[in-house]
Every structure is written in C-alpha cells, then in structure tokens.
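Q: Structure below; questions to follow.
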Amino acid sequence: MEFSTTICTIGVTTILVIYTWRILNFLWFNPKKTQKFLQEQGLKGTSYKFLFGDFKELSEMMKEAKSKPMSLCHDIAPRVSPFYHKIFSLYGKNCFTWMGARPVVHVSEPNIIREVLNNYQQFQKPRGGNPLVKLLAKGVIDEEGDQWVKHRKIINPAFHVEKLKHMVPAFYVSCSEMIENWEKSVATERSCEVDVWPHLQKFSADVISRTAFGSSFEEGRNIFELQREQGELVMKVANSVYIPGSRFLPTKDNKRMKEIELEVKKLITNIINKRFAEMKAGESSKDDLLGILLDSNYKEIKESGNKRFGLSIDEVIEECKLFYFAGQETTGNMLVWTMILLGLHTEWQTHAREEVLRVFADKKPDIDGLSHLKVINMIFHEVLRLYPPAVILRRLVHQETKLGNLTLPAGTLIQMNVMILHHDKEAWGEDVNEFKPERFSEGVLKATKGATYLPFSAGPRICIGQNFAMLEAKMALAMILQRFSFELSPSYSHAPRAILTLQPQFGAHLILHKL
C-alpha cells in the first residue's frame, strides 16, 4: 500500500514538475531566449517582462493619450499610437516589442512589407489570443490557405463593378435621408452646428443594411447596433492579457458578448431563411450582397457536385457579419475625416465642389460621373494617408522563417505600423504632416515613390470591399457638396483614437451652411 502511494506521489509530482517547467518555459525562458536571438541579429527592442510583456506600458500610454484632445494638426501618431511612436524613437523603425510572451517584430522597408503581404501562405493572419475577439466577425478576413481561396472565390462576384452599379441607388437613398435631416436642422437660420459623426455612422450602416439585405433593411439596422456594441467590447479584451479559460468566466462583458453573438446569429439566420423560402417559391435571386453571395455559393456547390466546396450557413452568417463591420467602419471613418479636413482646409472644399457642380450640376450623381471626380479622388487618398482606417497590420509565422536579413522564430508576430508609415518624413518628405491632396494628382504610384501606402492593406488579401467603399464615399461627398458648405466648429476637439478603426473621440462638430 505504502509502495503504491509512493509511486502515485512520484507520478503526481513528476506531472506537476513537467507542467511547471512548460509554463515557466513559455512565460520566461523561451521569451528571454528569443530576445537574445533577435538582439544577436542586430535588432533592438524592449526587455521582456514576465507574463505581460509591454501590455501595461502600452495600456497606460493609451489611457493617458485619450485623456485630453490634441492641438489641431495632422501629426497624430503620438496620440493614436503613443507606445509605438516612443519605441521607434528609441530603437528605430525596425525593432521588437512584446505582446504578452509573444515577440512582435516591427518592419518598415517597403520591399519587406511587400514580401509579407504577398506571401499569404507563409505570413498568416494571427490566430489564438482571446477567442472572444472572434465573436465580432470572422469570414474571409480570418481564413487561411485553401479555405481563404474558397471564401474569396465565392464572395468575389458580390464586388464586381457590374454588381456595384446596382447598389448605387441604395447609396443615394441612404445619403438623401441624412441630408434631409441636416436640411431640417439648418431650415430656420440657413446654418447650424451639427456633430456629423453619428450621422455618417448611421448613413454607412444604412447603406450596408440596404446593400446587404435589401428588403430586410430594418432587421439590418438592428444587426448594426449590436455589432457596434460588440466592437467596443472586443477592443477591451484585445487590449488585455488573455488568461486561457477566462472566456468561460461569467463576467458582465463575457456574458454580454455571448448574448450579442447569439442575437446577431439569430437575426441573420432569419433573414437567410426568408431568402431561401423566396427562392423555393420561384422568386429570382436579388442583387443585394446576400442574394449574390447565396447565388454564388449555390453555383459553386452545383458545379463541383459537393457541398464542401461551398460555404455552410454558419460561414455565410460570418460573411454577413463581416460585411457589417468592415463596410460600415471603413466608409464612415473615411467620410468623417474627409469632412473634418475639408472643414479645416476650405480651399480644397471649394475645389471639390466646383468639380462636383461641373460634372453633375444639381442633378443626381451617377456611377459614370463619379468615376470622373479626380479632385475628390485625390482628396480621399490624402485623407486615407493621414487618417488610415486601420493603424496596424499584423501577420504571424508558424515556423522559423527568413525575412530579409532576419531569421524569425516560430510564433513571432510581424507588425506593419500603417499610421506611422503614412507619417514617415523619410518616405514622404518634410511636408508629411500637411494636407496636400495634390501629391496624388498623378495617381497613387507616382505619389508614393517607394513609400508604403496601405489604407486597404495590399497583396492578394487587399480589402475586397475597397471599390464599394470608395464608390459609396464619392456618392455621399458629392451630394453633401451640392447642398452644403461647412467649416469646423469652435467646439470641435481634435482627438483621433483607434477603436478597431480610427475614429474622432469627441465627435466631429461642424458648422453647416445651406447653399
């Protein structure tokens, strides 16, 4: 009996020692070994801190930056990315930091960035971390390898130029509703102060609701409200250290995130089921995003003769959630920063209005005319340079990988700091923080001259909806310029901050004047 007890004790002790060693190796010995390995290759960076890495300093600096607005200028990187701005000043633009126990290698050379973004098989989207982050949206943005190829192939038809033409009326209706609300506000005195940020958010959400779900527009609005709340909760968990298993704890945020996930899934499932019923009744498929997606999926399954070549209902739901998040965030943000910048630089607002009136006069904008708005195109590109929707892009290597002159250990994150790259004096010149749309007068390639420009990412995984976003934004801005002039209100506080995407923390208060 004593012998068996001893054997049992030795067995338990051995297991505990093995697991303790594994935990210590993961949380201390391996990160310290990686730190030395990177330093030996000439990279400088922060010293690893047990468990948290740089999370604490990053969070504290973000909190401090967000506590007050900044001066009215476009040198916004110190406020939006204060930790990385400081790190690059200390260690250079190619350096390393720590996300918990995981090394983050920052790269800035255009040829290295192109290699990372072009080779999607080797440099993949990061997985792992807090599984609750994935509740916001997965879909094509989250898939890798053959799964990504399948999703992209099925979704592509929804964003063909011919299909986008059918969505222009939805852009027009949604923008007309927003403009009518503004006209009511300025009806008596011909001008008034309006915080345009919530209006532009609602506009872009309505566009997605109409273009994604057509006649199920009202249900679409409900989905947007839930997804917006989910985005705020996701940002909280993304900026904290994930302890394995903590997602199962019945905290207030955990419970709410799971409630939203179930509610959104139920709403989208109901819309899809209605669409299936219409198709069974012999109705033709609709030209909204959901209709095109279901039609493309059906054709793929039919041609291959196998359901596994198509998307499951759950995968269709995830793509619909992604339409909401990516579509609404990108366009709403681009428009709000464009109005803020044109409210500050009114000479460019005048140039843009002259172009709109020359092309359309007071008539309804059409897709052919929108494609000829060169000044507005230049303005949007410069806005996206100074105020990019996503301030960082990350990729992960799963095995030891050679990148340029570096050898990266398995599990290393590669980070491309879009915000800081777009504000790099060495790449763009001394006027990098000035609003100068004319730098794009001969197109993006001539403007960049080797600089890195990534408003929609790049390579095979470039944002599939960029043409949708640009067309929607052109329609909205053209209609606004036909009816209003505007300038920044004295109550406007300049406070860009990143909550998944770059947003004005205290709104966008403008003085609107009815033309």
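Ordered as shown in the structure tokens, chains take letters A, B, and onward, while each chain numbers its residues from 1 and ligands are numbered from 1 in the order shown.
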Per residue of region 287-313 of chain A within 10 Å of region 146-154 of chain A, note the shortest atom pair and the distance in Å to one decimal, counting only C-alpha atoms, and order the rows by chain and increasing residue number, as a tab-separated table.
A:
```
residue	atom	partner	partner_atom	distance
A:Ile292	CA	A:Ile154	CA	9.3
A:Leu293	CA	A:Ile154	CA	6.8
A:Leu294	CA	A:Ile154	CA	8.9
A:Asp295	CA	A:Ile154	CA	9.1
A:Ser296	CA	A:Ile154	CA	5.6
A:Asn297	CA	A:Ile154	CA	5.8
A:Tyr298	CA	A:Ile154	CA	9.3
A:Lys299	CA	A:Ile154	CA	9.0
A:Glu300	CA	A:Ile154	CA	7.3
A:Arg308	CA	A:Lys150	CA	9.9
A:Phe309	CA	A:Lys150	CA	7.2
A:Gly310	CA	A:Lys150	CA	7.5
A:Leu311	CA	A:His151	CA	7.4
```
Q: Create the file for the chosen residues now, containing C-alpha atoms and written as a CSV table (one decimal), in the first residue's frame.
A:
```
chain,number,residue,atom,x,y,z
A,292,ILE,CA,-25.3,37.5,-54.8
A,293,LEU,CA,-23.4,35.5,-52.1
A,294,LEU,CA,-26.1,32.8,-51.8
A,295,ASP,CA,-26.3,32.6,-55.7
A,296,SER,CA,-22.5,32.4,-56.0
A,297,ASN,CA,-22.4,29.7,-53.2
A,298,TYR,CA,-25.1,27.7,-54.9
A,299,LYS,CA,-23.4,27.8,-58.3
A,300,GLU,CA,-20.1,26.7,-56.7
A,308,ARG,CA,-17.8,21.1,-49.1
A,309,PHE,CA,-16.8,23.3,-52.0
A,310,GLY,CA,-19.4,25.8,-50.8
A,311,LEU,CA,-20.0,27.8,-47.6
```
Q: As a PyMOL selection string, list the residues of region 222-441 of chain A assigned to helix (DSSP H, G or I) by DSSP on the backbone atoms of this structure.
A: chain A and resi 222-238+246-248+252-280+289-304+307-309+313-344+346-360+367-370+374-386+418-422+425-428+437-440
Q: Give me, as a count of residues only, all polymer residues having an atom no more than 8 Å from region 476-493 of chain A, counting only C-alpha atoms and skipping those fewer than 4 positions away in the same chain.
A: 33
Q: Between A:Met99, A:Met334, A:Arg385, A:Ser81, which is the closest to Leu413 (chain A) once you count only C-alpha atoms?
A: A:Met99
Q: Calculated over only C-alpha atoms, which of the candidates A:Arg22, A:Lys86, A:Lys163, A:Lys252 has the smallest distance to Leu289 (chain A)?
A: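 Result for the nearest residue to Leu289 (chain A): A:Lys163.
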Q: Can you tell me how far CA of Glu219 (chain A) sits from CA of Asn467 (chain A), in Å to one decimal?
A: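 These two atoms are separated by 25.3 Å.
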Q: With only C-alpha atoms as the atoms that count, which of A:Thr401, A:Thr338, A:Ser304, A:Asn433 lies nearest to Leu72 (chain A)?
A: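 Closest to Leu72 (chain A), using only C-alpha atoms: A:Asn433.
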Q: So that I can check the surroundings of Ile112 (chain A), please list as a list in words every protein, DNA and RNA residue that reaches within 9 Å of it, counting only C-alpha atoms and ignoring chain neighbours fewer than 5 positions away.
A: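 Returned residues: Val107, Leu117, Leu403 and Gly404 of chain A.
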Q: Write the residues you've just listed into a file as a PDB file, in the first residue's frame, and include N, CA and C atoms for each of them.
A:
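Here's the written file part.pdb:
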```pdb
ATOM      1  N   VAL A 107       8.415  45.962 -38.872  1.00  0.00           N
ATOM      2  CA  VAL A 107       9.143  46.135 -40.128  1.00  0.00           C
ATOM      3  C   VAL A 107       8.648  47.393 -40.836  1.00  0.00           C
ATOM      4  N   LEU A 117       3.088  40.768 -47.216  1.00  0.00           N
ATOM      5  CA  LEU A 117       1.693  40.845 -47.643  1.00  0.00           C
ATOM      6  C   LEU A 117       1.414  40.018 -48.901  1.00  0.00           C
ATOM      7  N   LEU A 403      13.276  36.384 -43.233  1.00  0.00           N
ATOM      8  CA  LEU A 403      12.637  37.584 -43.765  1.00  0.00           C
ATOM      9  C   LEU A 403      13.704  38.662 -43.906  1.00  0.00           C
ATOM     10  N   GLY A 404      14.067  38.974 -45.155  1.00  0.00           N
ATOM     11  CA  GLY A 404      15.168  39.909 -45.361  1.00  0.00           C
ATOM     12  C   GLY A 404      16.437  39.333 -44.758  1.00  0.00           C
TER      13      GLY A 404
END
```
Q: What does the structure give for the distance between CA of Arg358 (chain A) and CA of Ala473 (chain A), in Å to one decimal?
A: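 Between CA of Arg358 (chain A) and CA of Ala473 (chain A) the gap is 18.6 Å.
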Q: Which is closest to Pro198 (chain A) among A:Gly11, A:Gly92, A:Gly429, A:Pro504, if we use only C-alpha atoms?
A: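 When distances to Pro198 (chain A) are compared using only C-alpha atoms, the smallest one comes from A:Pro504.
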Q: I'd like to know which of A:Val168, A:Val359, A:Ala77, A:Leu408 is closest to Asp424 (chain A), using only C-alpha atoms.
A: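 Nearest candidate to Asp424 (chain A) out of A:Val168, A:Val359, A:Ala77, A:Leu408: A:Ala77.
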Q: Let's see if you can do this: from backbone DSSP, list all strand (DSSP E) residues in region 375-477 of chain A, as a PyMOL selection string.
A: chain A and resi 393-396+401-403+406-408+413-416
Q: What does the structure give for the distance between CA of Leu164 (chain A) and CA of Leu500 (chain A), in Å to one decimal?
A: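 CA of Leu164 (chain A) sits 26.1 Å away from CA of Leu500 (chain A).
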